[in-house]
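Engineer: One file: coords.cif (mmCIF, C-alpha atoms).
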```
data_start
loop_
_atom_site.label_atom_id
_atom_site.label_comp_id
_atom_site.auth_asym_id
_atom_site.auth_seq_id
_atom_site.Cartn_x
_atom_site.Cartn_y
_atom_site.Cartn_z
CA MET A 23 112.39 107.40 71.64
CA SER A 24 112.14 111.14 72.07
CA PHE A 25 112.81 114.08 74.36
CA ILE A 26 109.80 116.14 75.45
CA ASP A 27 109.81 119.47 77.28
CA TYR A 28 107.43 119.97 80.19
CA GLN A 29 106.92 122.15 83.24
CA ALA A 30 107.44 120.61 86.70
CA HIS A 31 106.15 123.19 89.19
CA ASP A 32 108.95 125.78 89.22
CA ILE A 33 111.34 124.43 86.56
CA GLU A 34 111.36 123.70 82.85
CA CYS A 35 112.22 120.02 82.35
CA GLU A 36 113.06 117.59 79.58
CA ALA A 37 111.82 114.00 79.76
CA TYR A 38 113.25 111.06 77.86
CA VAL A 39 110.28 109.02 76.62
CA ALA A 40 110.59 105.44 75.34
CA ARG A 41 107.44 104.09 73.70
CA PRO A 42 106.52 100.45 73.16
CA ALA A 43 105.17 99.12 69.90
CA GLY A 44 101.51 99.72 69.12
CA ALA A 45 99.14 102.63 69.48
CA GLY A 46 98.30 102.13 73.15
CA PRO A 47 97.21 103.36 75.53
CA HIS A 48 100.06 101.72 77.46
CA PRO A 49 100.82 101.33 81.15
CA ALA A 50 103.46 103.89 82.07
CA VAL A 51 106.55 103.72 84.27
CA LEU A 52 108.16 106.90 85.53
CA ILE A 53 111.91 106.54 86.14
CA ALA A 54 113.36 108.83 88.82
CA PRO A 55 117.15 109.05 88.33
CA THR A 56 119.98 109.03 90.84
CA VAL A 57 121.56 112.13 92.35
CA ARG A 58 123.21 112.80 88.98
CA GLY A 59 119.91 113.45 87.22
CA PRO A 60 119.02 111.77 83.91
CA THR A 61 121.90 109.89 82.27
CA PRO A 62 122.28 107.26 79.54
CA LEU A 63 121.89 104.60 82.27
CA GLU A 64 118.29 105.69 82.93
CA HIS A 65 117.64 106.06 79.22
CA ALA A 66 118.77 102.47 78.67
CA LYS A 67 116.45 101.28 81.45
CA ALA A 68 113.57 103.15 79.81
CA ASP A 69 114.34 101.40 76.52
CA GLU A 70 114.30 98.02 78.32
CA LEU A 71 110.92 98.78 79.88
CA ALA A 72 109.52 99.90 76.53
CA ALA A 73 110.56 96.55 75.07
CA GLU A 74 108.49 94.94 77.83
CA GLY A 75 105.41 96.91 76.82
CA TYR A 76 105.59 99.94 79.12
CA LEU A 77 105.71 103.57 78.11
CA ALA A 78 108.77 104.68 80.10
CA ILE A 79 109.44 108.28 81.09
CA VAL A 80 112.75 109.41 82.58
CA LEU A 81 112.05 112.36 84.86
CA ASP A 82 114.21 115.45 85.23
CA HIS A 83 114.91 116.32 88.88
CA TYR A 84 116.67 119.65 88.45
CA GLY A 85 115.49 121.03 85.10
CA LYS A 86 116.89 121.02 81.57
CA ALA A 87 119.20 123.94 82.37
CA GLU A 88 121.10 121.70 84.80
CA ARG A 89 123.27 119.22 82.91
CA ASP A 90 126.83 117.87 83.29
CA LEU A 91 126.57 118.68 86.97
CA GLY A 92 129.55 116.87 88.47
CA GLU A 93 129.83 117.54 92.20
CA ARG A 94 127.13 120.21 91.99
CA ALA A 95 124.52 117.46 91.66
CA ARG A 96 124.90 116.64 95.34
CA ASP A 97 124.14 120.23 96.33
CA LEU A 98 121.00 120.22 94.18
CA MET A 99 119.87 116.93 95.67
CA ASN A 100 120.54 118.12 99.21
CA GLY A 101 118.50 121.24 98.55
CA LEU A 102 115.49 119.10 97.62
CA ILE A 103 116.00 116.75 100.57
CA ALA A 104 115.98 119.82 102.82
CA ASP A 105 112.79 121.13 101.18
CA ARG A 106 110.52 118.13 100.86
CA ALA A 107 107.50 120.33 100.15
CA LEU A 108 109.20 121.59 97.00
CA LEU A 109 110.22 118.04 96.09
CA ARG A 110 106.62 116.90 96.56
CA ALA A 111 105.30 119.70 94.36
CA ARG A 112 107.72 118.77 91.58
CA LEU A 113 106.88 115.07 91.86
CA LEU A 114 103.16 115.74 91.55
CA ALA A 115 103.89 117.93 88.52
CA HIS A 116 105.98 115.13 86.96
CA LEU A 117 103.03 112.82 87.52
CA GLY A 118 100.60 115.29 85.96
CA PHE A 119 102.81 115.51 82.88
CA ALA A 120 102.85 111.72 82.56
CA GLN A 121 99.08 111.45 82.99
CA GLY A 122 98.51 113.78 80.05
CA LEU A 123 101.13 112.30 77.74
CA GLU A 124 99.81 110.80 74.51
CA GLY A 125 99.68 107.01 74.65
CA VAL A 126 99.66 106.73 78.45
CA ASP A 127 96.95 104.72 80.19
CA ALA A 128 96.47 107.14 83.09
CA ARG A 129 94.83 104.38 85.14
CA ARG A 130 98.07 102.35 85.11
CA ILE A 131 101.11 104.35 86.20
CA ALA A 132 104.02 103.32 88.43
CA ILE A 133 107.26 104.99 89.46
CA VAL A 134 110.70 103.39 89.80
CA GLY A 135 113.56 105.31 91.40
CA TYR A 136 117.28 104.75 91.90
CA CYS A 137 119.32 106.23 94.79
CA PHE A 138 117.84 109.72 95.33
CA GLY A 139 115.19 108.64 92.84
CA GLY A 140 114.24 105.88 95.26
CA LEU A 141 113.39 108.55 97.81
CA CYS A 142 111.39 110.34 95.11
CA ALA A 143 109.42 107.17 94.34
CA LEU A 144 108.61 106.76 98.02
CA ASP A 145 107.73 110.43 98.40
CA LEU A 146 105.27 110.29 95.51
CA ALA A 147 103.57 107.31 97.16
CA ARG A 148 103.67 109.15 100.50
CA THR A 149 101.43 111.87 99.08
CA GLY A 150 98.61 109.34 99.30
CA THR A 151 97.76 109.74 95.62
CA ASP A 152 95.74 106.97 94.02
CA ALA A 153 97.03 108.03 90.59
CA ILE A 154 99.96 105.61 90.84
CA LYS A 155 99.51 101.88 91.26
CA GLY A 156 103.05 101.11 92.36
CA ALA A 157 106.31 102.66 93.56
CA VAL A 158 109.73 101.01 93.61
CA SER A 159 112.81 102.19 95.50
CA ILE A 160 116.10 100.68 94.26
CA HIS A 161 119.10 101.34 96.51
CA GLY A 162 117.14 104.34 97.76
CA ILE A 163 117.25 106.38 100.94
CA PHE A 164 114.39 106.43 103.41
CA PRO A 165 114.03 109.53 105.62
CA PRO A 166 110.34 110.46 105.93
CA PRO A 167 109.23 113.86 104.56
CA GLN A 168 107.85 115.19 107.88
CA LEU A 169 105.15 117.19 106.11
CA GLY A 170 102.43 116.53 108.65
CA PRO A 171 100.40 113.38 109.32
CA GLN A 172 101.14 110.59 106.86
CA PRO A 173 98.01 109.73 104.84
CA GLN A 174 97.17 106.17 103.91
CA ILE A 175 99.21 104.88 100.97
CA PRO A 176 97.12 103.10 98.33
CA ALA A 177 100.02 102.29 95.97
CA LYS A 178 101.80 98.95 96.17
CA LEU A 179 105.44 99.39 97.24
CA LEU A 180 108.63 97.47 96.52
CA VAL A 181 111.95 98.27 98.20
CA LEU A 182 115.08 96.68 96.67
CA HIS A 183 117.90 97.26 99.11
CA GLY A 184 121.54 96.38 99.66
CA TRP A 185 121.73 95.34 103.30
CA ASP A 186 125.19 96.83 103.80
CA ASP A 187 124.28 100.17 102.18
CA PRO A 188 125.95 102.86 104.34
CA LEU A 189 123.38 105.43 103.15
CA ALA A 190 120.42 103.37 104.36
CA THR A 191 121.29 101.59 107.60
CA PRO A 192 119.25 98.75 109.13
CA ASP A 193 117.67 101.20 111.59
CA SER A 194 116.38 103.34 108.73
CA VAL A 195 115.06 100.25 106.96
CA LEU A 196 113.10 99.25 110.05
CA GLY A 197 111.84 102.80 110.38
CA LEU A 198 110.57 102.70 106.80
CA THR A 199 108.80 99.38 107.29
CA LYS A 200 107.01 100.74 110.37
CA GLU A 201 106.05 103.90 108.48
CA LEU A 202 104.63 101.94 105.56
CA THR A 203 102.80 99.51 107.83
CA ASP A 204 101.24 102.37 109.79
CA ALA A 205 100.12 103.91 106.46
CA GLY A 206 98.35 100.69 105.49
CA ALA A 207 100.57 100.13 102.47
CA ASP A 208 100.95 96.84 100.61
CA TRP A 209 104.74 96.70 100.80
CA GLN A 210 107.59 94.31 100.03
CA LEU A 211 111.26 94.52 101.02
CA HIS A 212 113.99 92.56 99.23
CA ALA A 213 117.34 92.93 100.98
CA TYR A 214 120.52 91.63 99.33
CA GLY A 215 123.34 90.49 101.59
CA HIS A 216 126.95 91.64 101.08
CA THR A 217 125.59 94.46 98.91
CA VAL A 218 126.11 98.21 99.27
CA HIS A 219 124.74 101.30 97.50
CA GLY A 220 124.43 101.61 93.72
CA PHE A 221 124.37 97.87 93.08
CA THR A 222 122.57 98.19 89.70
CA ASN A 223 125.12 100.58 88.19
CA PRO A 224 127.92 98.74 86.33
CA GLU A 225 130.14 101.83 86.71
CA ALA A 226 129.80 101.98 90.52
CA ALA A 227 133.20 101.31 92.09
CA VAL A 228 133.69 103.03 95.45
CA PRO A 229 134.78 100.18 97.74
CA GLY A 230 132.56 99.68 100.76
CA ARG A 231 130.09 102.38 99.70
CA VAL A 232 128.91 102.30 96.06
CA VAL A 233 129.68 99.07 94.22
CA TYR A 234 128.04 97.18 91.36
CA ASN A 235 126.80 93.70 92.29
CA ALA A 236 125.82 91.59 89.29
CA ASP A 237 123.86 89.05 91.33
CA ALA A 238 121.87 91.70 93.18
CA ASP A 239 121.26 93.58 89.92
CA ARG A 240 119.92 90.43 88.24
CA ARG A 241 117.70 89.55 91.20
CA ALA A 242 116.41 93.11 91.44
CA ASN A 243 115.45 93.11 87.76
CA VAL A 244 113.50 89.87 88.20
CA ALA A 245 111.70 91.32 91.23
CA LEU A 246 110.99 94.59 89.40
CA SER A 247 109.50 92.82 86.37
CA ALA A 248 107.23 90.69 88.54
CA PHE A 249 106.13 93.69 90.59
CA LEU A 250 105.28 95.85 87.58
CA ALA A 251 103.35 93.02 85.96
CA GLU A 252 101.24 92.74 89.13
CA ALA A 253 100.83 96.42 89.94
CA LEU A 254 99.99 97.48 86.37
CA ALA A 255 97.91 94.47 85.36
#
```
Translate the structure of the given file into structure tokens.

Structural biologist:
Amino acid sequence: MSFIDYQAHDIECEAYVARPAGAGPHPAVLIAPTVRGPTPLEHAKADELAAEGYLAIVLDHYGKAERDLGERARDLMNGLIADRALLRARLLAHLGFAQGLEGVDARRIAIVGYCFGGLCALDLARTGTDAIKGAVSIHGIFPPPQLGPQPQIPAKLLVLHGWDDPLATPDSVLGLTKELTDAGADWQLHAYGHTVHGFTNPEAAVPGRVVYNADADRRANVALSAFLAEALA
């Protein structure tokens, strides 16, 4: 496991890279963190994926100068949500970094995102790039980027969603499914009942809004493993 500096459009970033055994090249999974940016939780997920044979790369939303953000993280996230063109440019730069990383099979790359990272995973797929084979949103948010006509989406998509998530209401879920259908995407939606935002984070404990759910977490991990095995075969 190592930290590697790279440039993502306008910011200097630091990726956490977890490598599987063997020389490779290996299929790669980009991990887009929550609003908080990269934390030990994403690093641990990268280590899990490396044990499964993937080269896992934790992306850096805000740059290596932005750490221990506290409440400021929300302002940084909101700035990117308000400027989806900038977010898109950074995401494509993250992807370019991953494509050139030693040991990566550039023909087999997927992205998995949590919370704000779920939006990032969807937005990378929304570019229409064929450089990723799959994108996964886990308790993500769904507003479309509104950057002109939506191109066709060649990547396979998986949305893992808590049905009672106050940040992604049923109307927004239906809007996403229509958007993805219109873009010709191969998409799946797994919705977990009695489940709110942040259900994979054992530290999430804001009643009615952001709460860990062990059953949903376990089911989501099973779905994620099956999806990655298919998309990156």

Engineer: Assuming the chain letters and numbering stay as they are in my file, what does the PyMOL selection byres ((chain A and resi 199) around 12) actually select? List them as a VMD selection string.

Structural biologist: chain A and resid 144 164 to 166 179 to 181 192 to 198 200 to 212

Engineer: Would you compute the distance between atom CA of Asp145 of chain A and atom CA of Val228 of chain A? Give it in Å to one decimal.

Structural biologist: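 So the two atoms, atom CA of Asp145 of chain A and atom CA of Val228 of chain A, lie 27.2 Å apart.
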
Engineer: Could you work out how far atom CA of Leu123 of chain A lies from atom CA of Leu81 of chain A, giving the answer in Å with one decimal?

Structural biologist: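 Interatomic distance here is 13.0 Å.
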
Engineer: So which residues touch Leu246 of chain A within 12 Å, counting only C-alpha atoms, skipping near sequence neighbours fewer than 3 positions away, as an MDAnalysis selection string?

Structural biologist: chainID A and resid 51 67 71 74 132:135 156:160 179:182 210:212 238:243 249:254

Engineer: Using C-alpha atoms, can you write the selected residues to a file as a short mmCIF file (atom, residue, chain, number, x, y, z; two decimals), in the frame of the given file?

Structural biologist:
```
data_model
loop_
_atom_site.label_atom_id
_atom_site.label_comp_id
_atom_site.auth_asym_id
_atom_site.auth_seq_id
_atom_site.Cartn_x
_atom_site.Cartn_y
_atom_site.Cartn_z
CA VAL A 51 106.55 103.72 84.27
CA LYS A 67 116.45 101.28 81.45
CA LEU A 71 110.92 98.78 79.88
CA GLU A 74 108.49 94.94 77.83
CA ALA A 132 104.02 103.32 88.43
CA ILE A 133 107.26 104.99 89.46
CA VAL A 134 110.70 103.39 89.80
CA GLY A 135 113.56 105.31 91.40
CA GLY A 156 103.05 101.11 92.36
CA ALA A 157 106.31 102.66 93.56
CA VAL A 158 109.73 101.01 93.61
CA SER A 159 112.81 102.19 95.50
CA ILE A 160 116.10 100.68 94.26
CA LEU A 179 105.44 99.39 97.24
CA LEU A 180 108.63 97.47 96.52
CA VAL A 181 111.95 98.27 98.20
CA LEU A 182 115.08 96.68 96.67
CA GLN A 210 107.59 94.31 100.03
CA LEU A 211 111.26 94.52 101.02
CA HIS A 212 113.99 92.56 99.23
CA ALA A 238 121.87 91.70 93.18
CA ASP A 239 121.26 93.58 89.92
CA ARG A 240 119.92 90.43 88.24
CA ARG A 241 117.70 89.55 91.20
CA ALA A 242 116.41 93.11 91.44
CA ASN A 243 115.45 93.11 87.76
CA PHE A 249 106.13 93.69 90.59
CA LEU A 250 105.28 95.85 87.58
CA ALA A 251 103.35 93.02 85.96
CA GLU A 252 101.24 92.74 89.13
CA ALA A 253 100.83 96.42 89.94
CA LEU A 254 99.99 97.48 86.37
#
```

Engineer: Go through A:Arg106, A:His161, A:Arg231, A:His116 one by one, measure the shortest atom-to-atom distance of each to Val57 of chain A using all atoms listed in the file, and give the residue with the smallest value.

Structural biologist: A:His161

Engineer: Quick one: pull the distance between atom CA of Leu169 of chain A and atom CA of Ala147 of chain A, Å, one decimal.

Structural biologist: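 One can read the atom CA of Leu169 of chain A to atom CA of Ala147 of chain A distance as 13.4 Å.
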
Engineer: Using only C-alpha atoms, which residues sit within 9 Å of segment 89-101 of chain A once same-chain residues fewer than 5 positions away are excluded, as a PyMOL selection string?

Structural biologist: chain A and resi 57-60+83-84+106+138

Engineer: Evaluate the PyMOL selection byres ((chain A and resi 32-38) around 6) here and jot the selected residues down as an MDAnalysis selection string.

Structural biologist: chainID A and resid 24:31 39 79:82 85:86

Engineer: Can you write just those residues out, C-alpha atoms, as a JSON list (two decimals), keeping the file's coordinate frame?

Structural biologist:
```json
[["chain", "number", "residue", "atom", "x", "y", "z"],
["A", 24, "SER", "CA", 112.14, 111.14, 72.07],
["A", 25, "PHE", "CA", 112.81, 114.08, 74.36],
["A", 26, "ILE", "CA", 109.80, 116.14, 75.45],
["A", 27, "ASP", "CA", 109.81, 119.47, 77.28],
["A", 28, "TYR", "CA", 107.43, 119.97, 80.19],
["A", 29, "GLN", "CA", 106.92, 122.15, 83.24],
["A", 30, "ALA", "CA", 107.44, 120.61, 86.70],
["A", 31, "HIS", "CA", 106.15, 123.19, 89.19],
["A", 39, "VAL", "CA", 110.28, 109.02, 76.62],
["A", 79, "ILE", "CA", 109.44, 108.28, 81.09],
["A", 80, "VAL", "CA", 112.75, 109.41, 82.58],
["A", 81, "LEU", "CA", 112.05, 112.36, 84.86],
["A", 82, "ASP", "CA", 114.21, 115.45, 85.23],
["A", 85, "GLY", "CA", 115.49, 121.03, 85.10],
["A", 86, "LYS", "CA", 116.89, 121.02, 81.57]]
```

Engineer: Translate the PyMOL selection byres ((chain A and resi 107) around 12), as applied to the file shown, into an explicit residue set as a PyMOL selection string.

Structural biologist: chain A and resi 31+101-106+108-114+142+145-146+148-149+166-170

Engineer: Could you list, as a list of chain:residue names, every residue within 6 Å of Ile131 of chain A, counting only C-alpha atoms and ignoring same-chain residues fewer than 5 positions away?

Structural biologist: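 The residues that qualify are A:Pro49, A:Ala50, A:Val51, A:Ile154, A:Lys155.
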